[in-house]
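Visitor: Take this structure first; my questions come after.
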Amino acid sequence: MAAAFDYAAAFARNIGWVAECEQNRLRTKRVAIAGMGGVGGVHLLTLARLGVGAFNIADFDRFDLVNFNRQAGAVMSTLGRPKVEVLAEMARDINPELQIRAYPAGVSDANLGDFLDGADAYVDGLDFFSFAARRATFAACHRRGVPAVTAAPLGIGAAVLVFMPGGMSFEEYFCLDGCDEEEMAVRFLLGLSPAMLQQAYLADRSRVNLSERRGPSTIIACQLCAGVAASEALKILLGRGRVLAAPHGYQFDAYRCRLRHTWRPGGNRNPLQRLALWLARRQLRRMKAGEKSRG
């Protein structure tokens with residue numbers, strides 16, 4: 001089958017929304033994606049179908065039954081298999097010519113230089129609670145001048161932030177230095193979605209427990225994230241179209257049919273954000289108190 005593959009024919013239907021010369025440029029681009037789970041795997045497959053020609057992908061995890069509700073590649077035949085291996089196979093099934101560098105131990109300080117080597121853009125697919133790996137990866141992108149996109153699956157929607165070379169950094173926006181893990185979770189969540197559009201329809205609040213690294217998810221949100229992240233990556237890779245970089249961001253919630261653009265100068269230091277963080281901490285304390293009284 002690989003011998004019968006033809007790049008021009010496979011991605012001909014992209015032409016129109018991109019020019020033929022732009023499609024050929026996508027063929028030469030490399031995107032790094034850390035995390036092959038809920039959003040990372042579908043990021044890879046979406047960008048592969050756009051015709052991006054090379055990827056650096058990283059994940060240390062294996063597929064489990066709890067991944068079935070949302071993760072590309074999570075099926076009975078892949079149970080127990082490394083996510084990075086499965087997703088590489090799926091991407092090569094779309095484009096046998098793909099150049100893929102895989103990092104089955106995930107990303108770390110030791111391999112971040114190699115992981116980002118040659119990358120034209122980074123798309124974040126790390127687990128929500130992977131704060132150490134995420135901070136290190138975004139810091140490396142900032143040092144190396146690699147544009148970085150993060151799209152968070154929240155409820156039945158997606159919240160998007162883009163960090164561009166020379167602009168505001170991840171750390172400047174989220175202000176995570178010196179925070180414990182629970183505070184980092186609150187700051188990361190509020191920083192991603194200042195509008196918190198998803199909060200209005202959370203059906204069972206007991207399923208959210210930041211201290212236990214637990215929260216609900218949907219395939220709808222993951223698919224929406226893949227679409228918006230690929231759109232931002234496309235603009236970055238082709239150098240056309242407006243990129244709303246941090247401290248600008250946006251959240252689209254399909255359940256509520258709402259789109260909210262956000263602007264938080266200073267990131268989580270912004271007075272509006274500081275108020276929102278205070279309210280979030282108070283709500284978190286109430287949730288914990290309720291859990292203790294039920295226990």
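Simple scheme: letters A, B, ... for chains in structure tokens order, numbers from 1 for residues in each chain, numbers from 1 for ligands in the order shown.
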Show me a table, sorted first by chain and then by increasing residue number, of the residues of range 155-238 of chain A having an atom at most 10 Å from range 41-55 of chain A, each with its shortest atom pair and the distance in Å to one decimal, counting only C-alpha atoms and written as JSON lines.
Guide:
```
{"residue": "A:Cys222", "atom": "CA", "partner": "A:Val42", "partner_atom": "CA", "distance": 7.5}
{"residue": "A:Gln223", "atom": "CA", "partner": "A:Val42", "partner_atom": "CA", "distance": 7.0}
{"residue": "A:Leu224", "atom": "CA", "partner": "A:Val42", "partner_atom": "CA", "distance": 9.9}
{"residue": "A:Cys225", "atom": "CA", "partner": "A:His43", "partner_atom": "CA", "distance": 8.0}
{"residue": "A:Ala226", "atom": "CA", "partner": "A:His43", "partner_atom": "CA", "distance": 5.0}
{"residue": "A:Gly227", "atom": "CA", "partner": "A:Thr46", "partner_atom": "CA", "distance": 7.5}
{"residue": "A:Val228", "atom": "CA", "partner": "A:His43", "partner_atom": "CA", "distance": 9.7}
{"residue": "A:Ala229", "atom": "CA", "partner": "A:His43", "partner_atom": "CA", "distance": 7.4}
{"residue": "A:Ala230", "atom": "CA", "partner": "A:Leu47", "partner_atom": "CA", "distance": 6.3}
{"residue": "A:Ser231", "atom": "CA", "partner": "A:Leu47", "partner_atom": "CA", "distance": 9.4}
{"residue": "A:Ala233", "atom": "CA", "partner": "A:Leu47", "partner_atom": "CA", "distance": 8.5}
{"residue": "A:Leu234", "atom": "CA", "partner": "A:Leu50", "partner_atom": "CA", "distance": 8.5}
{"residue": "A:Leu237", "atom": "CA", "partner": "A:Val52", "partner_atom": "CA", "distance": 9.3}
```
Visitor: So that I can see what lies close to Arg274 in chain A, please list as a ChimeraX atom specification the residues with an atom at most 12 Å from it, counting only C-alpha atoms and leaving out residues fewer than 4 positions away in the same chain.
Guide: /A:174-175,186-187,190-191,194,264-270,278-281
Visitor: Which residues are near Pro104 in chain A? Cut-off 10 Å, only C-alpha atoms, ignore same chain within fewer than 6 positions. Put them as a list in words.
Guide: Ile57, Ala58, Asp59, Phe60, Asp61, Arg62, Pro82, Lys83, Val84 and Glu85 of chain A
Visitor: What does the structure give for the distance between CA of Tyr122 in chain A and CA of Asp93 in chain A, in Å to one decimal?
Guide: 22.3 Å
Visitor: Of the candidates A:Gly38, A:Leu210, A:Arg256, A:Thr28, which shows the shortest atom-to-atom distance to Phe68 in chain A, using only C-alpha atoms?
Guide: A:Gly38
